[in-house]
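**Q** A single structure is presented below for examination.
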Amino acid sequence: MAPSLMLRHSLLALAVAAGLSAAPAFGQSAKEQELENRIAELEKQLGALMAELKAEKAPPPPPPPGTPPPPLPVQATTITPNANPGTRFFFSGFMRTEALATRTDGGEIPDSTAGRDLYVPGGIPVGAADEGTDLNSHIKFSRYIFGVDHTTDTGDKLSARLEGDVFGGALGTQVATNTYGLSVRHAWFSWNNWLFGQTWSNFMDAVALPEAVDLVGPTEGTVFVRQPMIRYTSGPWSFSLENPETTITPFRGGTRIQTDDNSLPDLTARYRWTQPWGHLTAGVLVRQLAYQTTGAGAIDDTRIALAGSVSGRYNFSPDTDVRFGLYTGQAIGRYIGLGIASDAVLDATGDLEAIDGTAGFVGLRHAFTPKTRFNVYYSSSRYDNDVALTGTGVTEGVDSLSFNVFHTPSPKLDLGAELRFANRELESGADGDLRRLHLVARYSF
């Protein structure tokens, strides 16, 4: 009940009570006069309240000319009736169009393969004839992100994210439709310190990556893996159990084997030290390598492999920073550079031998103006292959040097150009070069 209405009821009740209490004393003129004065005062107050009520019911004065109308509710009822009350929803992403002019001197990158759309270091051709320049353009890395966040009455924090793009394979051809399928990038939910679902490996430091026109950037020198996991985070520490998979080079070479024989998840632990100047991250990866076959010459072997990482970012100023990463150890092949090397190789008896590797990158970013910035980064990886087991056709190492510039003519609109020089060398000594000009236009929302 409104305060003014409550006051009116109180005054009326007081007036009635005063009249009733005065009834037996009407024979006393002094009392009669006092009561008449009190009733007159109450009538005066009641009249003022009635006038106020009439003013409240009067229509408000019209707004000044040019005043925008008040916003209307988007919807009268929730569009997500199954969600917890008070859940916050958002939708974001970006539209991205890019063009790549690529020249390779060791053969042609096969048509309609991933190497035509982004930098795939293990796919640099080696040993064939010099190729002319190939031009490709696409919108495959346009992205959508849907998210929800909720805090319960008891303080529990719940969140979920679903992110995807259209890099899910061709459903049409470049002849006419250029149609591609939706693909899932991230799909996870979290409850306080726990995360369940698919996202970046805990062994990866995405914040340390240089800004690049290419989807990854320093691909041969960094971890780049998304996979299902359970992750626990407490302050600067994070631990995860992640989906396992072992990649194997057959004895003396051949088509790489991808097994699904692991009985233990990949285990990671990471510590991130954050300071005003930037951050430093150290990580450990422990993996089970496994391969099992049946029939004649059956193989059944497992190995434990260990690798470590150091990465970070140092801010010289708000306009200039350096970013770096170093990864080394056993069986890091699947985690580095979109799978440049295998995790292990089979020996003559069918046993697994882990392949050691080292990868790293360093990049410098400088903003000339609030709208224009420049990046240069170098990336490299090397693999310690036992050629008596792997043969000489496997990759010994890959290097690349890249320069790019971004211009933001309007908020959320980025235009970028990147020039890359890359080289891939085999254990045989044969190598191949890649030169690429990569252009991108991106509008974020």
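Ligands are numbered from 1 in the order shown, chains are lettered A, B, ... in the order of the structure tokens, and residues start at 1 in each chain.
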Please, which residues of segment 29-122 of chain A, numbered as in this document, come out alpha helix (DSSP H) from DSSP, as a ChimeraX atom specification?
**A** /A:29-57
**Q** Give me the residues within 8 Å of segment 162-174 of chain A as a list in words, counting only C-alpha atoms and dropping any in the same chain fewer than 3 places off.
**A**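 Once the nearby chain positions are removed, what remains is Ile139, Lys140, Phe141, Ser142, Arg143, Tyr144, Ile145, Phe146, Gly147, Thr177, Asn178, Thr179, Tyr180, Gly181, Leu182, Ser183, Val184, Arg185, His186, Ala187 and Trp188 of chain A.
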**Q** What does the file look like for those residues with N, CA, C and O atoms, as a PDB file, in the first residue's frame?
**A**
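Writing the result to part.pdb gives the following:
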```pdb
ATOM      1  N   ILE A 139      35.865 -17.519 -45.874  1.00  0.00           N
ATOM      2  CA  ILE A 139      35.288 -16.907 -44.670  1.00  0.00           C
ATOM      3  C   ILE A 139      35.180 -17.942 -43.547  1.00  0.00           C
ATOM      4  O   ILE A 139      34.404 -17.782 -42.611  1.00  0.00           O
ATOM      5  N   LYS A 140      35.972 -19.014 -43.630  1.00  0.00           N
ATOM      6  CA  LYS A 140      35.798 -20.183 -42.767  1.00  0.00           C
ATOM      7  C   LYS A 140      36.036 -19.905 -41.289  1.00  0.00           C
ATOM      8  O   LYS A 140      35.555 -20.660 -40.441  1.00  0.00           O
ATOM      9  N   PHE A 141      36.794 -18.876 -40.959  1.00  0.00           N
ATOM     10  CA  PHE A 141      37.095 -18.630 -39.554  1.00  0.00           C
ATOM     11  C   PHE A 141      36.213 -17.550 -38.945  1.00  0.00           C
ATOM     12  O   PHE A 141      36.508 -17.047 -37.859  1.00  0.00           O
ATOM     13  N   SER A 142      35.129 -17.193 -39.611  1.00  0.00           N
ATOM     14  CA  SER A 142      34.105 -16.384 -38.964  1.00  0.00           C
ATOM     15  C   SER A 142      33.579 -17.168 -37.766  1.00  0.00           C
ATOM     16  O   SER A 142      33.455 -18.395 -37.816  1.00  0.00           O
ATOM     17  N   ARG A 143      33.247 -16.472 -36.691  1.00  0.00           N
ATOM     18  CA  ARG A 143      33.054 -17.172 -35.413  1.00  0.00           C
ATOM     19  C   ARG A 143      31.814 -16.677 -34.688  1.00  0.00           C
ATOM     20  O   ARG A 143      31.461 -15.508 -34.766  1.00  0.00           O
ATOM     21  N   TYR A 144      31.166 -17.595 -33.959  1.00  0.00           N
ATOM     22  CA  TYR A 144      30.056 -17.238 -33.081  1.00  0.00           C
ATOM     23  C   TYR A 144      30.370 -17.751 -31.680  1.00  0.00           C
ATOM     24  O   TYR A 144      31.001 -18.803 -31.512  1.00  0.00           O
ATOM     25  N   ILE A 145      29.939 -17.017 -30.673  1.00  0.00           N
ATOM     26  CA  ILE A 145      30.158 -17.400 -29.276  1.00  0.00           C
ATOM     27  C   ILE A 145      28.863 -17.148 -28.508  1.00  0.00           C
ATOM     28  O   ILE A 145      28.347 -16.030 -28.504  1.00  0.00           O
ATOM     29  N   PHE A 146      28.342 -18.189 -27.876  1.00  0.00           N
ATOM     30  CA  PHE A 146      27.157 -18.068 -27.030  1.00  0.00           C
ATOM     31  C   PHE A 146      27.570 -18.417 -25.612  1.00  0.00           C
ATOM     32  O   PHE A 146      28.249 -19.425 -25.378  1.00  0.00           O
ATOM     33  N   GLY A 147      27.168 -17.586 -24.650  1.00  0.00           N
ATOM     34  CA  GLY A 147      27.580 -17.819 -23.281  1.00  0.00           C
ATOM     35  C   GLY A 147      26.493 -17.538 -22.275  1.00  0.00           C
ATOM     36  O   GLY A 147      25.564 -16.764 -22.530  1.00  0.00           O
ATOM     37  N   THR A 177      28.989 -22.573 -54.832  1.00  0.00           N
ATOM     38  CA  THR A 177      28.355 -22.206 -53.564  1.00  0.00           C
ATOM     39  C   THR A 177      29.309 -21.859 -52.429  1.00  0.00           C
ATOM     40  O   THR A 177      28.955 -21.113 -51.527  1.00  0.00           O
ATOM     41  N   ASN A 178      30.540 -22.453 -52.408  1.00  0.00           N
ATOM     42  CA  ASN A 178      31.474 -22.207 -51.296  1.00  0.00           C
ATOM     43  C   ASN A 178      30.786 -22.402 -49.946  1.00  0.00           C
ATOM     44  O   ASN A 178      30.884 -21.565 -49.048  1.00  0.00           O
ATOM     45  N   THR A 179      30.078 -23.504 -49.791  1.00  0.00           N
ATOM     46  CA  THR A 179      29.328 -23.787 -48.570  1.00  0.00           C
ATOM     47  C   THR A 179      30.159 -24.656 -47.638  1.00  0.00           C
ATOM     48  O   THR A 179      30.773 -25.630 -48.079  1.00  0.00           O
ATOM     49  N   TYR A 180      30.145 -24.299 -46.361  1.00  0.00           N
ATOM     50  CA  TYR A 180      30.929 -25.037 -45.375  1.00  0.00           C
ATOM     51  C   TYR A 180      30.050 -25.401 -44.183  1.00  0.00           C
ATOM     52  O   TYR A 180      29.054 -24.746 -43.903  1.00  0.00           O
ATOM     53  N   GLY A 181      30.473 -26.434 -43.460  1.00  0.00           N
ATOM     54  CA  GLY A 181      29.709 -26.889 -42.308  1.00  0.00           C
ATOM     55  C   GLY A 181      30.140 -26.204 -41.027  1.00  0.00           C
ATOM     56  O   GLY A 181      31.305 -25.815 -40.862  1.00  0.00           O
ATOM     57  N   LEU A 182      29.189 -26.028 -40.113  1.00  0.00           N
ATOM     58  CA  LEU A 182      29.510 -25.487 -38.796  1.00  0.00           C
ATOM     59  C   LEU A 182      30.376 -26.485 -38.038  1.00  0.00           C
ATOM     60  O   LEU A 182      30.185 -27.688 -38.125  1.00  0.00           O
ATOM     61  N   SER A 183      31.335 -25.968 -37.277  1.00  0.00           N
ATOM     62  CA  SER A 183      32.190 -26.825 -36.461  1.00  0.00           C
ATOM     63  C   SER A 183      32.271 -26.268 -35.049  1.00  0.00           C
ATOM     64  O   SER A 183      32.149 -25.059 -34.837  1.00  0.00           O
ATOM     65  N   VAL A 184      32.472 -27.151 -34.086  1.00  0.00           N
ATOM     66  CA  VAL A 184      32.583 -26.762 -32.682  1.00  0.00           C
ATOM     67  C   VAL A 184      34.041 -26.492 -32.345  1.00  0.00           C
ATOM     68  O   VAL A 184      34.911 -27.327 -32.613  1.00  0.00           O
ATOM     69  N   ARG A 185      34.295 -25.344 -31.754  1.00  0.00           N
ATOM     70  CA  ARG A 185      35.631 -25.025 -31.242  1.00  0.00           C
ATOM     71  C   ARG A 185      35.695 -25.285 -29.738  1.00  0.00           C
ATOM     72  O   ARG A 185      36.481 -26.074 -29.271  1.00  0.00           O
ATOM     73  N   HIS A 186      34.860 -24.605 -29.001  1.00  0.00           N
ATOM     74  CA  HIS A 186      34.822 -24.753 -27.550  1.00  0.00           C
ATOM     75  C   HIS A 186      33.390 -25.101 -27.125  1.00  0.00           C
ATOM     76  O   HIS A 186      32.431 -24.544 -27.661  1.00  0.00           O
ATOM     77  N   ALA A 187      33.273 -25.982 -26.160  1.00  0.00           N
ATOM     78  CA  ALA A 187      31.971 -26.322 -25.580  1.00  0.00           C
ATOM     79  C   ALA A 187      32.240 -26.797 -24.159  1.00  0.00           C
ATOM     80  O   ALA A 187      32.670 -27.933 -23.955  1.00  0.00           O
ATOM     81  N   TRP A 188      32.022 -25.926 -23.185  1.00  0.00           N
ATOM     82  CA  TRP A 188      32.343 -26.275 -21.803  1.00  0.00           C
ATOM     83  C   TRP A 188      31.411 -25.566 -20.837  1.00  0.00           C
ATOM     84  O   TRP A 188      30.749 -24.596 -21.194  1.00  0.00           O
TER      85      TRP A 188
END
```
**Q** Give me the residues within 10 Å of segment 153-157 of chain A as a PyMOL selection string, counting only C-alpha atoms and dropping any in the same chain fewer than 4 places off.
**A** chain A and resi 149+190-193
**Q** Put those residues in a file: N, CA and C atoms, as a short mmCIF file (atom, residue, chain, number, x, y, z; two decimals), in the first residue's frame.
**A**
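Once written, selection01.cif looks like this:
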```cif
data_model
loop_
_atom_site.label_atom_id
_atom_site.label_comp_id
_atom_site.auth_asym_id
_atom_site.auth_seq_id
_atom_site.Cartn_x
_atom_site.Cartn_y
_atom_site.Cartn_z
N ASP A 149 26.06 -17.06 -17.78
CA ASP A 149 26.69 -16.93 -16.46
C ASP A 149 25.60 -16.81 -15.41
N SER A 190 31.45 -24.48 -16.41
CA SER A 190 32.27 -24.44 -15.21
C SER A 190 31.38 -24.28 -13.99
N TRP A 191 31.87 -24.80 -12.89
CA TRP A 191 31.21 -24.70 -11.59
C TRP A 191 32.28 -24.32 -10.58
N ASN A 192 32.26 -23.05 -10.16
CA ASN A 192 33.29 -22.53 -9.27
C ASN A 192 34.68 -22.78 -9.89
N ASN A 193 35.52 -23.59 -9.27
CA ASN A 193 36.90 -23.80 -9.76
C ASN A 193 37.01 -24.92 -10.79
#
```
**Q** Calculate how many Å separate atom CA of Gly217 of chain A from atom CA of Tyr377 of chain A, rounding to one decimal.
**A**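 Result for atom CA of Gly217 of chain A versus atom CA of Tyr377 of chain A: 8.5 Å, one decimal.
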**Q** Fewer than 4 positions away in the same chain doesn't count, so skip those; otherwise give me all residues within 6 Å of segment 430-437 of chain A, counting only C-alpha atoms, as a ChimeraX atom specification.
**A** /A:100-106,125-126,418-426
**Q** Between A:Arg88, A:His407, A:Arg256, A:Arg116, which is the closest to Gly333 of chain A once you count only C-alpha atoms?
**A** A:Arg256
**Q** Let me make sure I understand: among A:Trp277, A:Phe251, A:Phe403, A:Phe374, which one has the smallest atom-to-atom distance to Ala388 of chain A if we use only C-alpha atoms?
**A**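 Ranking A:Trp277, A:Phe251, A:Phe403, A:Phe374 by distance to Ala388 of chain A, first place goes to A:Phe251.
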